[in-house]
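K.L.:
Would you mind keeping the following structure in view while I ask a few things?
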Amino acid sequence: MATVEMKDISVSYGKNQIINKLSIDVRDGESLAIVGPSSCGKTSLLRALCGFIKITEGEISVREQVVSSPARRISIAPERRKIGVVFQDYAVWPHLTVLENIAYPLKKRKVAKTEARERALKALALVRMAEFGDRLPSQLSGGQQQRVALARALVSSTDLIVLDEPITNLDATLREEMAYEIRNLQHELGVTVLYITHDQETAMTISDRMAIMDNTGHIRQVGTAETVWTKPTDKYVFEFLGVSNFLPVEFHGGKMLLKDGDGFQRIALPNTQVPDRNDLLVAFRPMDVQFTSPDSEHGFVGTVKRVTYLGNQFDYIVQVADQEIRVQQDSFDALQHGVPEEGSLQGLKLVDPVFYSREGQAGVVV
Amino acid sequence: MDHIILKDVTKRFPTRDGGSVTAVNNINLTIEEGECFAFLGPSGCGKTTTLRMIAGFEDLSEGEIWLGDKPVSIKKKNHYVAPEHRGLGMVFQSFAVWPHLNVFENVAFPLRVKNMNRTDLNKAVTEALKHTSLNGLENVYPSDLSGGQQQRIALARSLVVNPRIMLLDEPLSNLDPKLRESMRFEIKQLQKKFNFTIIFVTHDQSEAMAISDRMLVMDMGNIIQSDTPTTLYNKPTSKFVYGFLGLSNFLDIEVRDGKAYPTGEPERSIPFEIPEEAGSATEGVLASRPNEIKISREETTGYPVVVEKRLYQTFCIEYHVRIGTQSIRVHAPHTNVLEEGSTAHIEFKNPRWYPHESVEDERARVERQVI
Amino acid sequence: MAAIKALFLRKNFSLDGKRIGLDQFLFLLTLGILLITVLMPVLMIVWSTFFYGTAFDYQMFFRVIAQPENLKAMWNTLVVALGVTFFGTLIGLFYAWLIGRSDIPLKGLMKSLFAIPYMFPPFFGAMAWSLLLSPRAGYINRMWMEFTGTRTPLFDMHSLAGIIFVMTCYYFPFVFLQVVSALERMDPTLEESARIAGANQWYVIRKITLPLVLPAIASGAMLITISSLSHFGVPAILGFSNNIFTLPTRIYALIARQAGSFQGIREGAALSILLVVVVIASLYLQKLILKSGHYDIIKGKSMRPMLIKLRGAKLPLLFICLASLAIIVLLPLFMIFAVGMLNAYGLPLRLENMSFRNYTNILFHSKMVRDSIANSITLSLSAGVITMFLGVMIAYVVIKVKPRGKSLLELLSLLPYSIPGIVLAIGVILVWSGRFGLNLYNTLWIILIAYIARYVSFAMKSASASLEQVHYSLEEAARSCGATHLESLRDITIPLIRPGMIAGFFLIFLPAMRELTTSILLYGPFTRTLGVAIYSINAEGRITQASALASVAIMIIFAGHMILKFVTKDRKGI
């Protein structure tokens, strides 16, 4: 059963179509992260769900009740949708105390004063802000304000909250901490969560499933973090998720060939069956390349152009044929096995690469 | 002779209530000619104040600063050379390009101040623009350029007079992560070409390690440790430096009969040799990096733990494991899958021992960051 | 069942529709009010200038303009405006640089002194300076003549130069405040990087600092120009006796001399058009200048700018600053209070010549004065409340509702800003003296309408500033918590802008309390305002009583400022 269903929805600002016939479901009790580059329309999607902007096509249902449907002339006011929202800028009301902020949704829903206070205090304790009830938001840090916003959302709706990742919150540790917390709360309370973010790491940490959105407002892939990371359906998803290497290759008689000037360099890759084609890209992550000796039977050779020490990692740029690739190595291992020097010729071995068609958006070729 | 010497440099700022706060406390430092030296530390640690004293924007409260064999600030003799006479190049976090001048005029400014003749000026500016890949943009105004290009203008502007010393004050912090990475490399390339000395101020530890030949870590106005990046990362002399340079676990331990026990764990000790400097301490902290812990299902020589949480991340799987009453993070390759709730065994590959940080120190640090 | 469900949903839809109705209602209401109070008077001025009855008549316009007295007034207006702009900008820049960039002490004290000219109407200053430097009776001139034995005064305040001097004293803070705030917001590394590039202090000021604050200088200077072009009080007090007229005083004289006859009003309207054209030309010029250089100089990292050490020049400069501020700001205030206590004008300023007789006379024995105080308080309170709410409604429509006619609404509410008060008064007379079936002449209502039109742009600007701070997500958060549109306005938006509304009220109440320019054309026998009362007592030559009443006004205004400061001190949140 799905808590939220969006069917073929479109959103436009003036003549500018932001979202075009997008469909996605949020299942009961799950945490779904929608992740995409900035201004890809993910915030518009959330605002359409909450009823702050109108959709021009399609249908949105919440708890199996249609809330937006231009075709059927249905548009339920935001206050009747019962969705807890955590806004990008927190939107904690500065003239109310923390406790008043959190009790507001209960006041609007005519909950008796003593009960409202009790529930608000409970929510406050859930986000570990119990001792801050009487403060004004201006006396809180950004992270604390976000907790207040979260508590207010949890009070506002017990079964569905949506969160728009704060843009101002650049502190990576704080973001990580919040992600863990939201994840814990979701497990504890069984509430359905829709999380909007541009950061794939947070999305992976926080979600049961994640949806990758591209900058034209289309969803490219939906799946668990593991599926999306290990089997990206197309080049876009692969590249979006992290630093990537793409090398143009051709297959002839089961052999993988990398174009090198006028000729080819063979990339030996055991146990890979790819039909003969001359329009492929081999894609792999910097961590999925290993250094071997230059005369090794597997893999290929390249010249190390640049070595950068980053503490936990060594980062290399390696010239392969007329292309440059990124290679990364755990520094603990690297220091034990010897760090390749700049200018040296090294053998390289690929671990679990994937293949995409060079043109268009075609998916994985096996 | 383009080295930089700081002798007993101290800077105190007056506070509102009439007292004073020591921003930089008795710093002694020599930066060698042609070196790329990074100042690393949390905000408010005094790194920027130190740089601004070298540039001449702040007076010294005590001490001396020498550029090469020329003294530029000597407090005792009240000797002070104005910033414009120190012959430095400097790049700021906010770029500080002048919005009312186009790219060419921005870069030409230092030469116009010197009244250089037109042909030499044109040549020098063109050269500087070429090195920063800004050629073709001479007549564009900074507001029409991206952050990266604006920072290149600032670089070109400081290169154009061919300074022997470059001061870079968080020059990359306002750029997006991809650009930040490539600009690091560009700066290194320029240094190789022109062979100037760099002081690079940053709060980002990977940036400092990536760019510098040597670096120092500052905290609360003091230099905590100063060395090459590899030594600093692998042999931090204090818990603070260890924690500041990368993801870390700090496990509280008790020492009994020369063996280390996780605090609150009576039975089983961690296979770890207590270093000599611990002396007769009965408790301390065992520091480890999440990626330097081996975790496996098999019972080897490892220490038994319970997997509390598994999080899939891009470069690894992160496990939160319970060890006694404490929890630490372990990074394992994607292939190493353990179930939540199961028992596993961990092995510290490169653990380090530190004494507990005193409560006062910790509080002082927090207060200072609030100011 | 499905039918019931559909009905239920339909009801929601229409509820949503009603919300748009509320927004639309606000839009039409504000548009209507502005059309009547702002646009109609302007149109009526144009109409009566070029039409006699319904017949087209352009000759009157050119005849009026070509009259030598009017040409002379035009010339004087330009001389005054340019003179005040020039000197005001120079003085403003000097102080701005000292306070923004040097290590001069007592900055806080000086900044609060600079705020004083803002509080009081310039015509009080004209009165005070006339007390000191009127050719024969002025205290300083008399001392000078006694001291030197000559019969020529040291300086005649009743001259163009005097007018320029007094107005400069009141208008230089426009440039000062603009430039100081630009200097304070400027990223200090912009100047530091020039130092590093080898430039010395003065080179940096010339090549970097000045060009970067040029837009601030230009906008302050233009504010001075526009204010002095339409200024009435100072030339009225200092100019009439020597037959020195500027356009605003000439318009007043034309109408007053003909005792409000229609022909007089028509001629005044014709001159008004001339004045408005000059003001609009200046505004256009301002826009051109500002467009050419709008730089982003806001600082990134917070850092104190490096202050320039004045060293040996510090004490002399501090002395010059404090002395000039004392002369410009404190001396006129002192004179008003001192002369207000004097038993007769011309007596030496000694304690034995002083008493509170003037105060008791005006406050307890003059019904006219008591009425004028009551009138001004009634008018200012009601204009403050009404205009503030009007401003909030307009700002809400413009910022949050954004209907298609938004720019028209914005234009109409900002239009009065460029219409001199005296011109607005003529327009209001033309509309409300019976032509459209409603004759409000000689009542307080006509003054109230004029005040609303005059101050609506202040109210709208102040309300916009606070409404823009209320991010739309704050209202949306309330909606998602179960509040209807109206409830979210009541619970969230209005409480959040309340401090802004109170400040907006005072922004209207305080200038309205001392208003002269508009009221002087609109008052009737029983509807004098405080400003008019002071002006006419002074014009009758009862100078000590005028001063006493002016000091009463100063105290009322000062109290108002204190309340405003108290109210805006601890704003919650935003």
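We label chains A, B, ... in the order they appear in the structure tokens, count residues from 1 in each chain, and number ligands from 1 in the order shown.
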Considering only C-alpha atoms, tabulate each residue of chain B that lies at most 10 Å from chain C along with its nearest interatomic pair and the corresponding distance in Å to one decimal; arrange the rows by chain and ascending residue number and present them as a tab-separated table.
P.N.:
```
residue	atom	partner	partner_atom	distance
B:Ala55	CA	C:Ile196	CA	7.7
B:Gly56	CA	C:Ile196	CA	9.0
B:Phe57	CA	C:Met306	CA	7.1
B:Glu58	CA	C:Met306	CA	8.3
B:Ala82	CA	C:Arg195	CA	8.4
B:Pro83	CA	C:Ile196	CA	5.5
B:Glu84	CA	C:Gly198	CA	3.9
B:His85	CA	C:Gly198	CA	6.4
B:Arg86	CA	C:Ile196	CA	7.8
B:Gly87	CA	C:Gly198	CA	7.4
B:Leu88	CA	C:Ile196	CA	6.4
B:Gly89	CA	C:Ile196	CA	6.6
B:Met90	CA	C:Ile196	CA	6.7
B:Val91	CA	C:Ser193	CA	7.7
B:Phe92	CA	C:Thr189	CA	7.1
B:Gln93	CA	C:Lys301	CA	8.0
B:Ser94	CA	C:Gly300	CA	5.9
B:Phe95	CA	C:Thr189	CA	8.3
B:Ala96	CA	C:Leu190	CA	4.7
B:Val97	CA	C:Leu190	CA	6.7
B:Trp98	CA	C:Leu190	CA	6.5
B:Pro99	CA	C:Tyr295	CA	6.1
B:His100	CA	C:Leu212	CA	6.9
B:Leu101	CA	C:Ile208	CA	9.3
B:Asn106	CA	C:Ala194	CA	9.8
B:Val107	CA	C:Ala197	CA	9.7
B:Ala108	CA	C:Ala197	CA	9.8
B:Phe109	CA	C:Ala197	CA	7.3
B:Pro110	CA	C:Ala197	CA	4.7
B:Leu111	CA	C:Ala197	CA	8.3
B:Arg112	CA	C:Ala199	CA	9.3
B:Val113	CA	C:Ala199	CA	5.9
B:Lys114	CA	C:Gly198	CA	7.7
B:Ser143	CA	C:Asp296	CA	8.1
B:Ala154	CA	C:Ser193	CA	8.9
B:Arg157	CA	C:Ala197	CA	7.9
B:Ser158	CA	C:Ala197	CA	7.1
B:Val160	CA	C:Ala197	CA	9.6
B:Val161	CA	C:Ala197	CA	8.3
B:Asn174	CA	C:Gly300	CA	9.6
```
K.L.:
Listing only residues of chain A within 10 Å of chain C, what is the closest atom pair and its distance in Å (to one decimal) for each, using only C-alpha atoms, sorted by chain and residue number ascending, as a tab-separated table?
P.N.:
```
residue	atom	partner	partner_atom	distance
A:Arg47	CA	C:Glu476	CA	9.6
A:Cys50	CA	C:Ser480	CA	7.2
A:Gly51	CA	C:Ser480	CA	8.8
A:Phe52	CA	C:Glu476	CA	7.2
A:Val66	CA	C:Leu9	CA	9.2
A:Val67	CA	C:Leu9	CA	8.7
A:Arg72	CA	C:Ala6	CA	9.3
A:Arg73	CA	C:Phe13	CA	7.5
A:Ile74	CA	C:Phe13	CA	6.3
A:Ser75	CA	C:Phe13	CA	5.7
A:Ile76	CA	C:Asn12	CA	5.8
A:Ala77	CA	C:Asp16	CA	6.4
A:Pro78	CA	C:Ser480	CA	5.6
A:Glu79	CA	C:Gly482	CA	4.0
A:Arg80	CA	C:Gly482	CA	6.3
A:Arg81	CA	C:Ser480	CA	7.4
A:Lys82	CA	C:Ser480	CA	6.7
A:Ile83	CA	C:Ser480	CA	6.3
A:Gly84	CA	C:Ser480	CA	6.6
A:Val85	CA	C:Ser480	CA	6.7
A:Val86	CA	C:Ala477	CA	8.1
A:Phe87	CA	C:Ser473	CA	6.9
A:Gln88	CA	C:Ser473	CA	8.4
A:Asp89	CA	C:Ser473	CA	7.7
A:Tyr90	CA	C:Ser473	CA	8.2
A:Ala91	CA	C:Leu474	CA	4.8
A:Val92	CA	C:Leu474	CA	7.0
A:Trp93	CA	C:Leu474	CA	6.5
A:Pro94	CA	C:Gly573	CA	4.3
A:His95	CA	C:Gly573	CA	5.7
A:Leu96	CA	C:Gly573	CA	8.7
A:Asn101	CA	C:Ala478	CA	9.7
A:Ile102	CA	C:Cys481	CA	9.6
A:Ala103	CA	C:Cys481	CA	9.7
A:Tyr104	CA	C:Cys481	CA	7.1
A:Pro105	CA	C:Cys481	CA	4.5
A:Leu106	CA	C:Cys481	CA	8.0
A:Lys107	CA	C:Gly482	CA	9.0
A:Lys108	CA	C:Gly482	CA	5.7
A:Arg109	CA	C:Gly482	CA	6.7
A:Leu136	CA	C:Gly573	CA	7.7
A:Pro137	CA	C:Gly573	CA	7.2
A:Ser138	CA	C:Gly573	CA	5.8
A:Gln139	CA	C:Gly573	CA	9.2
A:Ala149	CA	C:Ala477	CA	9.3
A:Arg152	CA	C:Cys481	CA	8.3
A:Ala153	CA	C:Cys481	CA	7.8
A:Val155	CA	C:Cys481	CA	8.8
A:Ser156	CA	C:Cys481	CA	5.5
A:Ser157	CA	C:Cys481	CA	8.3
```
K.L.:
Counting only C-alpha atoms, which residues from chain B have an atom at most 7 Å from any atom of chain A, and could you show them as a list in words?
P.N.:
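Only these qualify: Ser206, Met209, Ala210, Tyr233, Leu311, Tyr312, Gln313 and Thr314 of chain B.
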K.L.:
If you count only C-alpha atoms, which residues fall within 10 Å of region 297-303 of chain B, apart from same-chain ones fewer than 2 positions away, as a short mmCIF file (atom, residue, chain, number, x, y, z; two decimals) with C-alpha atoms, in the first residue's frame?
P.N.:
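What ended up in out_26.cif:
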```cif
data_model
loop_
_atom_site.label_atom_id
_atom_site.label_comp_id
_atom_site.auth_asym_id
_atom_site.auth_seq_id
_atom_site.Cartn_x
_atom_site.Cartn_y
_atom_site.Cartn_z
CA ARG B 268 38.45 -9.00 27.70
CA SER B 269 41.39 -6.76 26.87
CA ILE B 270 42.20 -5.25 23.50
CA PRO B 271 45.41 -6.55 21.95
CA LYS B 294 39.35 -4.84 9.96
CA ILE B 295 35.95 -6.35 10.57
CA VAL B 305 31.63 -6.67 18.86
CA ILE B 323 32.28 -2.55 21.94
CA ASN B 336 31.96 -7.32 3.27
CA VAL B 337 28.29 -7.66 4.29
CA LEU B 338 27.34 -8.33 7.92
CA GLU B 339 23.81 -8.41 9.33
CA SER B 342 25.08 -10.16 14.46
CA THR B 343 28.39 -10.62 16.24
CA ALA B 344 31.62 -9.77 14.44
CA HIS B 345 35.28 -9.35 15.23
CA ILE B 346 37.38 -6.28 14.76
CA GLU B 347 41.10 -5.72 14.60
CA PHE B 348 42.70 -2.27 14.96
#
```
K.L.:
Please identify all polymer residues within 7 Å of Leu348 (chain A), counting only C-alpha atoms, omitting same-chain residues fewer than 3 positions from it, and present them as a list in words.
P.N.:
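In the requested form, the answer reads Val289, Gln290, Phe291, Thr292, Gly299, Phe300 and Val301 of chain A.
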K.L.:
Would you list, as a PyMOL selection string, the residues of region 209-360 of chain B that end up in strand (DSSP E or B) under DSSP run on this structure's backbone?
P.N.:
chain B and resi 214-219+222-227+249-256+259-262+270+283-288+293-296+303-312+317-323+326-332+343-348+352-354
K.L.:
Can you check which residues of region 249-460 of chain C DSSP gives as alpha helix (DSSP H) on the backbone and send them as number ranges by chain?
P.N.:
C: 249-257, 262-292, 314-325, 331-341, 357-365, 367-396, 406-414, 421-432, 444-460
K.L.:
Can you list, as a ChimeraX atom specification, every protein, DNA or RNA residue that comes within 7 Å of Lys305 (chain A) when you count only C-alpha atoms, leaving out same-chain residues fewer than 5 positions away?
P.N.:
/A:317-319,342-343
K.L.:
Could you write out the selected residues, including N, CA and C atoms, as an mmCIF file, in the first residue's frame?
P.N.:
```
data_model
loop_
_atom_site.group_PDB
_atom_site.id
_atom_site.type_symbol
_atom_site.label_atom_id
_atom_site.label_comp_id
_atom_site.auth_asym_id
_atom_site.auth_seq_id
_atom_site.Cartn_x
_atom_site.Cartn_y
_atom_site.Cartn_z
ATOM 1 N N ILE A 317 45.976 10.880 -10.751
ATOM 2 C CA ILE A 317 45.485 11.026 -12.125
ATOM 3 C C ILE A 317 46.429 10.214 -12.994
ATOM 4 N N VAL A 318 45.845 9.302 -13.756
ATOM 5 C CA VAL A 318 46.657 8.388 -14.555
ATOM 6 C C VAL A 318 46.288 8.575 -16.014
ATOM 7 N N GLN A 319 47.318 8.707 -16.855
ATOM 8 C CA GLN A 319 47.075 8.831 -18.283
ATOM 9 C C GLN A 319 47.012 7.439 -18.903
ATOM 10 N N GLU A 342 55.013 9.838 -9.353
ATOM 11 C CA GLU A 342 54.598 10.614 -10.524
ATOM 12 C C GLU A 342 55.536 10.299 -11.675
ATOM 13 N N GLY A 343 54.966 10.056 -12.868
ATOM 14 C CA GLY A 343 55.770 9.777 -14.046
ATOM 15 C C GLY A 343 56.029 8.302 -14.272
#
```
K.L.:
How many Å lie between CA of Phe56 (chain C) and CA of Leu411 (chain C), rounded to one decimal?
P.N.:
28.3 Å
K.L.:
Near Leu60 (chain B), counting only C-alpha atoms, which residues have an atom at most 12 Å away, once you skip same-chain residues fewer than 3 positions from it, shown as a ChimeraX atom specification?
P.N.:
/B:6-13,22-27,49-57,63-65,72-81
K.L.:
Neighbours of region 503-510 of chain C within 7 Å (only C-alpha atoms; same-chain residues fewer than 3 positions away dropped), as an MDAnalysis selection string?
P.N.:
chainID C and resid 380:381 384:385 388 455 459 462:463 499:500 513 557 560 564 568
K.L.:
Please produce a file of those selected residues containing N, CA and C atoms, as a PDB file, in the first residue's frame.
P.N.:
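Everything below was put into result-v3.pdb:
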```pdb
ATOM      1  N   SER C 380      -2.448  63.527  12.945  1.00  0.00           N
ATOM      2  CA  SER C 380      -1.289  62.642  12.834  1.00  0.00           C
ATOM      3  C   SER C 380      -1.633  61.232  13.277  1.00  0.00           C
ATOM      4  N   LEU C 381      -2.413  61.121  14.358  1.00  0.00           N
ATOM      5  CA  LEU C 381      -2.802  59.790  14.819  1.00  0.00           C
ATOM      6  C   LEU C 381      -3.618  59.080  13.752  1.00  0.00           C
ATOM      7  N   GLY C 384      -1.632  58.380  10.639  1.00  0.00           N
ATOM      8  CA  GLY C 384      -0.684  57.313  10.932  1.00  0.00           C
ATOM      9  C   GLY C 384      -1.337  55.954  10.857  1.00  0.00           C
ATOM     10  N   VAL C 385      -2.472  55.811  11.550  1.00  0.00           N
ATOM     11  CA  VAL C 385      -3.132  54.499  11.588  1.00  0.00           C
ATOM     12  C   VAL C 385      -3.643  54.099  10.204  1.00  0.00           C
ATOM     13  N   MET C 388      -0.817  53.561   7.606  1.00  0.00           N
ATOM     14  CA  MET C 388      -0.031  52.378   7.899  1.00  0.00           C
ATOM     15  C   MET C 388      -0.773  51.123   7.426  1.00  0.00           C
ATOM     16  N   TYR C 455       1.949  60.433   2.621  1.00  0.00           N
ATOM     17  CA  TYR C 455       2.790  59.501   3.380  1.00  0.00           C
ATOM     18  C   TYR C 455       2.613  58.033   2.989  1.00  0.00           C
ATOM     19  N   ALA C 459       4.748  54.456   4.165  1.00  0.00           N
ATOM     20  CA  ALA C 459       4.111  53.311   4.811  1.00  0.00           C
ATOM     21  C   ALA C 459       4.321  52.052   3.983  1.00  0.00           C
ATOM     22  N   SER C 462       7.975  50.871   4.232  1.00  0.00           N
ATOM     23  CA  SER C 462       8.309  50.253   5.515  1.00  0.00           C
ATOM     24  C   SER C 462       7.617  48.901   5.669  1.00  0.00           C
ATOM     25  N   ALA C 463       6.357  48.818   5.211  1.00  0.00           N
ATOM     26  CA  ALA C 463       5.648  47.537   5.303  1.00  0.00           C
ATOM     27  C   ALA C 463       6.277  46.504   4.370  1.00  0.00           C
ATOM     28  N   PRO C 499       6.044  44.773  14.679  1.00  0.00           N
ATOM     29  CA  PRO C 499       7.017  45.830  14.979  1.00  0.00           C
ATOM     30  C   PRO C 499       7.217  46.763  13.781  1.00  0.00           C
ATOM     31  N   GLY C 500       7.218  46.190  12.584  1.00  0.00           N
ATOM     32  CA  GLY C 500       7.356  47.000  11.383  1.00  0.00           C
ATOM     33  C   GLY C 500       6.168  47.932  11.224  1.00  0.00           C
ATOM     34  N   MET C 513       3.173  65.393  12.517  1.00  0.00           N
ATOM     35  CA  MET C 513       3.073  66.316  13.649  1.00  0.00           C
ATOM     36  C   MET C 513       3.673  67.678  13.323  1.00  0.00           C
ATOM     37  N   ILE C 557       7.696  65.892  19.583  1.00  0.00           N
ATOM     38  CA  ILE C 557       8.359  65.043  18.577  1.00  0.00           C
ATOM     39  C   ILE C 557       9.438  64.179  19.243  1.00  0.00           C
ATOM     40  N   GLY C 560       7.938  61.345  20.950  1.00  0.00           N
ATOM     41  CA  GLY C 560       7.542  60.347  19.950  1.00  0.00           C
ATOM     42  C   GLY C 560       8.724  59.488  19.532  1.00  0.00           C
ATOM     43  N   LEU C 564       9.282  55.482  19.846  1.00  0.00           N
ATOM     44  CA  LEU C 564       9.635  54.676  18.673  1.00  0.00           C
ATOM     45  C   LEU C 564      10.876  53.832  18.953  1.00  0.00           C
ATOM     46  N   THR C 568      10.910  49.750  18.924  1.00  0.00           N
ATOM     47  CA  THR C 568      11.650  48.970  17.922  1.00  0.00           C
ATOM     48  C   THR C 568      12.903  48.336  18.504  1.00  0.00           C
TER      49      THR C 568
END
```
K.L.:
Interatomic distance between CA of Thr227 (chain A) and CA of Gln323 (chain A)?
P.N.:
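About the pair CA of Thr227 (chain A) and CA of Gln323 (chain A): they are 28.9 Å apart.
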